[in-house]
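One structure is given below, encoded as structure tokens.
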Amino acid sequence: MKYSWQISSAIQAGEVDRSRELVTRSLREGLAPGEILDKALMPGMEAVGEKFGGGEMFLPEVMLSASAFQAGLEALRPWLKADDASFRGKIVLGTVAGDIHDLGKNLVAAMFTANGFEVIDLGVNVPAERFVAAVEEHRPDLLGLSALLTTTMSRMPEVIRLLQKRGLHGDPCRVIIGGAPVNEEFAASIGADLYAENAIEAVRMVRRLLLRRKRGEAVAKVGAG
Amino acid sequence: MPYARSLRSRRSDSITVQPEGGTYRPLNNGDIKAVHETTVRLLQDPGIKVGNLEALELFAAGGARVDFQEARVCIPRGMLEDAIASAPSRVTLCGREERYDLVLEGTRTYMGTGGTVLNVLDPETGVRRPATLQDVRDLARLADALENIHFFMLPVYPTELTAETVDINRFWWALNNTAKHVMGGVYTCDGVRNVIRIAGEIAGGIERLRERPIVSMVTCVMSPLLMDETYTALLMEVARHGIPVVCPAEPLAGATGPGTLAGTVVIANAETLSGIVLAQLVNKGTPTIYGTVASTMDMKTGSYLSGNIEMGLLNAAAAQMAQFYCLPIYATAGMSDSKLPDVQTGYEKAATAIITALAGANFIHDAAGFLEFCTTIAYEQLVIDNEIIGICMRAVRGIEVNEETLAEEVIRRVGPGGNFLTDVHTLTHFRREFFFPPLGNRQSRKEWEQAGAKDTAARARERAKEILARHRPPPIDPAVVARVRAAFPALCD
């Protein structure tokens, strides 16, 4: 595909404006939006993920690449049809109400982007209502909650309770939590499905979860057939 | 206050970016002067004993008071000063590839392997066994691939070879397996001549070799204050060819040196300067490197020690003396007396390596691979020491302070409560500012456990194996190889 190499390089180099411009130009020249996503944006971000895994790229670079990817994706989004999306999965995430720490959450967002997930970042100081509304709207595979303070980690169970009340918790939407004060025991105690110590582990756990789910679906299909 | 600067302006500007040490100074300026003056007096009385007739004659002709009966040489102050002035203050040791060139001068610091041990911890079995020529090849290849090892000093003596063939085989097989500079001890005068011929073939002629010396050689003085017949002959042979040479002294405080560190700095100083005087008498202006391997004796066992902190102090002080004379220095650090790569190995090596590097010693040898009183080498230790050297070099580089690094505008731009992670300033600088350990583990416990919960030595062994399985150093021109092989049938396959 024309421009695929250029767009992929722009993402790997973290060139935000260039990524957006190239996607816009591709669209103007009549390239299919789904192709631009599959053959340019995604391979670019996949390469970033591989380079990070191999120790060639570091966090600041991955985050910039994720921004370049998002810029391209935003330019593309109005033209994408539902079945164009070839993302590995979808995650809605944010930092809970009363907490304005965004560094860890941003890292997690960048890592998911780098691994082929569609990321809907709600930002910081997000009330429970907004989390749940976003889940209703986007129907993600995962809801990610971040808290950096012992005083705000207590807002996490509130979100999960509301999610459960609306019947939105459980497949497909699982809850993953993270942040300095939380741990595995806390996650279990509030009914969260996953806890990850850092962004890389978060991605690994979620990928494993989705793989298991896929296998389960395949087995179910065979059974039904 | 460099001493020789008053004799002649010698330091010239250099453009390389190799880090410079010189911030750690165990001697103050008064101490340095005192060491120097004591050395001058001792070289006059009692002087040194020289067991080589040709050397005695050269010393006599050069103005020393020589007692041929007693084989005793007393070096007057003026003669010492002449030698220090004629010895170059910058010696460039070259790699087969220019990117590996070492410019030894001032406080610029390089670190690498050392010599010479007889045993190897077998990388497969972990059991100690005699070193072989195959180890010379494999260790050279490993050092070639390790990013922080700046040069390859021939680390082992292949026990299956005879003294007549060992010199050419050691150098030849090292040169074939690394493009980094190769320095080595030498054992026969024929060996010296043949190694220089071989290196000349590779460099494109003897003149070209003198311009770009891809090899250099080490002889030695016997402490206290004794130049023996053989090593002195070797020193003169190398000097005649105009190839860089080191004549280090290895006094052991409390045994072959005084039981004080200052006294040991003095005696080592007198000894290596004697070697420089002789080399300059043989061939005025020939590249000579101030050298020290000084250490202490173990007062419990009588053994030579290599991982003792005093060794670091002695070598840091020697670096200051060399800087005072404006002579490049070959120093010793980064060793351990432990028998395997363990905790003791790590802390002993790191301690002497870092203070000697911070002192700005130019060519720090023995800093990669050695264990057990400098008698044994381990492949995985080379990988571990590669990391220690990386850490030392980062410390030597220090903190760069300027408008850009102070980041005033960046701090303003990010503002209170923001973050710097995605700021372009962070992106621009973090790779140069932070040291990224190739070996050290920074995973979370969970990740580390999933990866097999391996300790550092195990991971280092794996890295060594990986490198040896795939790394191919740049080859020597096949035509040169054919010529050398035809001329030297004693080269092993």
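Going through the structure tokens in order, the chains are called A, B, and so on, while each chain numbers its residues from 1 and the ligands are numbered from 1 in the order shown.
The part of chain B that reaches within 12 Å of chain A is made up of Gly417, Gly418, Asn419, Phe420, Leu421, Thr422, Asp423, Val424, His425, Thr426, Leu427, Thr428, His429, Phe430, Arg431, Phe434, Phe436, Pro437, Pro438, Leu439, Gln443, Ser444, Arg445, Lys446, Glu447, Trp448 and Gln450 of chain B, counting only C-alpha atoms.
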I'd like the contact shell of Leu143 in chain A - 6 Å cut-off, only C-alpha atoms, skipping same-chain residues fewer than 2 positions apart - returned as a PyMOL selection string. chain A and resi 91-93+175
I need the residues of range 101-175 of chain A that end up classed as helix (DSSP H, G or I) by DSSP on the backbone, written out as a CSV table (one decimal) with N, CA and C atoms, in the first residue's frame.
```csv
chain,number,residue,atom,x,y,z
A,103,LEU,N,0.5,9.7,35.1
A,103,LEU,CA,1.7,9.2,34.5
A,103,LEU,C,1.5,7.7,34.3
A,104,GLY,N,1.2,6.9,35.3
A,104,GLY,CA,1.1,5.5,35.2
A,104,GLY,C,0.0,5.1,34.3
A,105,LYS,N,-1.1,5.8,34.4
A,105,LYS,CA,-2.3,5.5,33.5
A,105,LYS,C,-1.9,5.7,32.0
A,106,ASN,N,-1.1,6.8,31.8
A,106,ASN,CA,-0.7,7.1,30.4
A,106,ASN,C,0.3,6.0,29.9
A,107,LEU,N,1.1,5.5,30.8
A,107,LEU,CA,2.0,4.5,30.4
A,107,LEU,C,1.3,3.2,30.0
A,108,VAL,N,0.3,2.9,30.8
A,108,VAL,CA,-0.6,1.7,30.5
A,108,VAL,C,-1.3,1.9,29.1
A,109,ALA,N,-1.8,3.1,28.9
A,109,ALA,CA,-2.5,3.4,27.6
A,109,ALA,C,-1.5,3.2,26.5
A,110,ALA,N,-0.3,3.8,26.6
A,110,ALA,CA,0.7,3.7,25.5
A,110,ALA,C,1.0,2.2,25.3
A,111,MET,N,1.2,1.5,26.3
A,111,MET,CA,1.6,0.1,26.2
A,111,MET,C,0.5,-0.7,25.5
A,112,PHE,N,-0.8,-0.4,25.8
A,112,PHE,CA,-1.9,-1.1,25.1
A,112,PHE,C,-1.9,-0.7,23.7
A,113,THR,N,-1.7,0.6,23.4
A,113,THR,CA,-1.7,1.0,22.0
A,113,THR,C,-0.6,0.3,21.3
A,114,ALA,N,0.5,0.2,21.9
A,114,ALA,CA,1.7,-0.4,21.2
A,114,ALA,C,1.4,-1.9,21.0
A,128,ALA,N,-17.3,7.6,38.9
A,128,ALA,CA,-17.8,6.3,38.6
A,128,ALA,C,-18.8,6.3,37.5
A,129,GLU,N,-19.7,7.3,37.5
A,129,GLU,CA,-20.8,7.4,36.5
A,129,GLU,C,-20.2,7.4,35.1
A,130,ARG,N,-19.1,8.2,35.0
A,130,ARG,CA,-18.5,8.4,33.6
A,130,ARG,C,-17.8,7.1,33.1
A,131,PHE,N,-17.2,6.4,34.0
A,131,PHE,CA,-16.6,5.1,33.7
A,131,PHE,C,-17.7,4.2,33.1
A,132,VAL,N,-18.8,4.1,33.8
A,132,VAL,CA,-19.9,3.2,33.5
A,132,VAL,C,-20.5,3.6,32.2
A,133,ALA,N,-20.7,4.9,32.0
A,133,ALA,CA,-21.3,5.4,30.8
A,133,ALA,C,-20.4,5.1,29.6
A,134,ALA,N,-19.1,5.2,29.8
A,134,ALA,CA,-18.1,4.9,28.7
A,134,ALA,C,-18.2,3.4,28.3
A,135,VAL,N,-18.3,2.6,29.3
A,135,VAL,CA,-18.4,1.1,29.1
A,135,VAL,C,-19.7,0.8,28.3
A,136,GLU,N,-20.8,1.5,28.6
A,136,GLU,CA,-22.0,1.3,27.9
A,136,GLU,C,-21.9,1.7,26.5
A,137,GLU,N,-21.2,2.8,26.3
A,137,GLU,CA,-21.0,3.4,24.9
A,137,GLU,C,-20.1,2.5,24.0
A,138,HIS,N,-18.9,2.2,24.6
A,138,HIS,CA,-17.8,1.6,23.8
A,138,HIS,C,-17.8,0.1,23.8
A,155,ARG,N,-12.1,4.5,45.9
A,155,ARG,CA,-13.2,4.8,44.8
A,155,ARG,C,-13.3,3.7,43.8
A,156,MET,N,-12.3,2.8,43.8
A,156,MET,CA,-12.4,1.7,42.8
A,156,MET,C,-13.6,0.8,43.0
A,157,PRO,N,-13.8,0.3,44.3
A,157,PRO,CA,-15.0,-0.6,44.5
A,157,PRO,C,-16.3,0.1,44.1
A,158,GLU,N,-16.4,1.4,44.3
A,158,GLU,CA,-17.6,2.1,43.9
A,158,GLU,C,-17.9,1.9,42.4
A,159,VAL,N,-16.8,2.0,41.6
A,159,VAL,CA,-17.0,1.9,40.1
A,159,VAL,C,-17.5,0.5,39.8
A,160,ILE,N,-16.8,-0.5,40.4
A,160,ILE,CA,-17.2,-1.9,40.2
A,160,ILE,C,-18.6,-2.2,40.6
A,161,ARG,N,-19.0,-1.7,41.7
A,161,ARG,CA,-20.4,-1.9,42.2
A,161,ARG,C,-21.4,-1.3,41.2
A,162,LEU,N,-21.1,-0.1,40.7
A,162,LEU,CA,-22.0,0.5,39.8
A,162,LEU,C,-22.1,-0.3,38.5
A,163,LEU,N,-20.9,-0.8,38.1
A,163,LEU,CA,-20.8,-1.6,36.8
A,163,LEU,C,-21.7,-2.8,37.0
A,164,GLN,N,-21.6,-3.5,38.2
A,164,GLN,CA,-22.4,-4.7,38.4
A,164,GLN,C,-23.9,-4.4,38.5
A,165,LYS,N,-24.2,-3.2,39.1
A,165,LYS,CA,-25.6,-2.9,39.2
A,165,LYS,C,-26.3,-2.7,37.8
```
May I have the residues within 6 Å of Cys173 in chain A as a PDB file with N, CA and C atoms, in the first residue's frame, using only C-alpha atoms and disregarding those fewer than 2 positions away in the same chain?
```pdb
ATOM      1  N   PRO A 140     -16.179  -2.162  25.770  1.00  0.00           N
ATOM      2  CA  PRO A 140     -14.783  -2.621  25.709  1.00  0.00           C
ATOM      3  C   PRO A 140     -14.613  -4.037  26.270  1.00  0.00           C
ATOM      4  N   ASP A 141     -13.433  -4.598  26.015  1.00  0.00           N
ATOM      5  CA  ASP A 141     -13.082  -5.879  26.628  1.00  0.00           C
ATOM      6  C   ASP A 141     -12.627  -5.683  28.066  1.00  0.00           C
ATOM      7  N   LEU A 142     -12.104  -4.485  28.313  1.00  0.00           N
ATOM      8  CA  LEU A 142     -11.501  -4.208  29.612  1.00  0.00           C
ATOM      9  C   LEU A 142     -11.855  -2.813  30.087  1.00  0.00           C
ATOM     10  N   HIS A 169     -20.652  -5.806  34.307  1.00  0.00           N
ATOM     11  CA  HIS A 169     -19.412  -6.465  34.733  1.00  0.00           C
ATOM     12  C   HIS A 169     -19.432  -7.934  34.333  1.00  0.00           C
ATOM     13  N   GLY A 170     -18.289  -8.462  34.017  1.00  0.00           N
ATOM     14  CA  GLY A 170     -18.191  -9.830  33.527  1.00  0.00           C
ATOM     15  C   GLY A 170     -18.111  -9.789  32.016  1.00  0.00           C
ATOM     16  N   ASP A 171     -17.879 -10.957  31.384  1.00  0.00           N
ATOM     17  CA  ASP A 171     -17.637 -10.958  29.936  1.00  0.00           C
ATOM     18  C   ASP A 171     -18.726 -10.213  29.197  1.00  0.00           C
TER      19      ASP A 171
END
```
Identify, on the basis of only C-alpha atoms, every residue whose closest approach to range 193-196 of chain B does not exceed 12 Å; exclude the query and any residue fewer than 3 positions from it along the same chain; express the result as a PyMOL selection string. chain B and resi 164-175+182-190+199-210+213-217+234-244+484+487-491
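Between Pro46 in chain B and the candidates B:Val156, B:Val66, B:Asp122, B:Cys74, the tightest atom-to-atom separation, counting only C-alpha atoms, involves B:Cys74.
Considering only range 81-145 of chain A, backbone DSSP assigns strand (DSSP E or B) to Gly89, Lys90, Ile91, Val92, Leu93, Gly94, Thr95, Val96, Phe117, Glu118, Val119, Ile120, Asp121, Val126, Leu142, Leu143, Gly144 and Leu145 of chain A.
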Near Glu54 in chain B, counting only C-alpha atoms, which residues have an atom at most 10 Å away, once you skip same-chain residues fewer than 6 positions from it, shown as a PyMOL selection string? chain B and resi 60+229+232-233+236
Restricting the output to C-alpha atoms, write the selected residues as an mmCIF file, in the first residue's frame.
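File produced: again_14.cif:
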```cif
data_model
loop_
_atom_site.group_PDB
_atom_site.id
_atom_site.type_symbol
_atom_site.label_atom_id
_atom_site.label_comp_id
_atom_site.auth_asym_id
_atom_site.auth_seq_id
_atom_site.Cartn_x
_atom_site.Cartn_y
_atom_site.Cartn_z
ATOM 1 C CA ALA B 60 76.426 4.406 31.606
ATOM 2 C CA GLU B 229 68.217 -9.969 32.351
ATOM 3 C CA THR B 232 65.073 -6.045 30.340
ATOM 4 C CA ALA B 233 66.176 -7.569 27.034
ATOM 5 C CA MET B 236 64.887 -3.011 24.863
#
```
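If you count only C-alpha atoms and ignore residues fewer than 5 places along the chain from Val117 in chain B, what sits within 8 Å of it is Ala131, Pro155, Val156, Tyr157, Cys374, Thr375, Thr376 and Ile377 of chain B.
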May I have the residues from that selection written out with C-alpha atoms, as a compact mmCIF listing (two decimals), in the first residue's frame?
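Resulting contents of part.txt:
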```txt
# COMPACT_ATOMS: atom_id res chain seq x y z
CA ALA B 131 43.87 -22.45 29.51
CA PRO B 155 44.46 -12.81 29.21
CA VAL B 156 45.67 -16.41 29.16
CA TYR B 157 48.84 -18.41 28.55
CA CYS B 374 44.62 -13.12 39.02
CA THR B 375 45.14 -16.82 38.26
CA THR B 376 41.84 -17.77 36.63
CA ILE B 377 39.49 -16.33 34.05
```
Residues near range 35-41 of chain A, cut-off 12 Å, only C-alpha atoms, skip fewer than 2 positions along chain, as a PyMOL selection string: chain A and resi 1-12+19-20+22-33+43-48+65-77+79-81+83-88+113-118
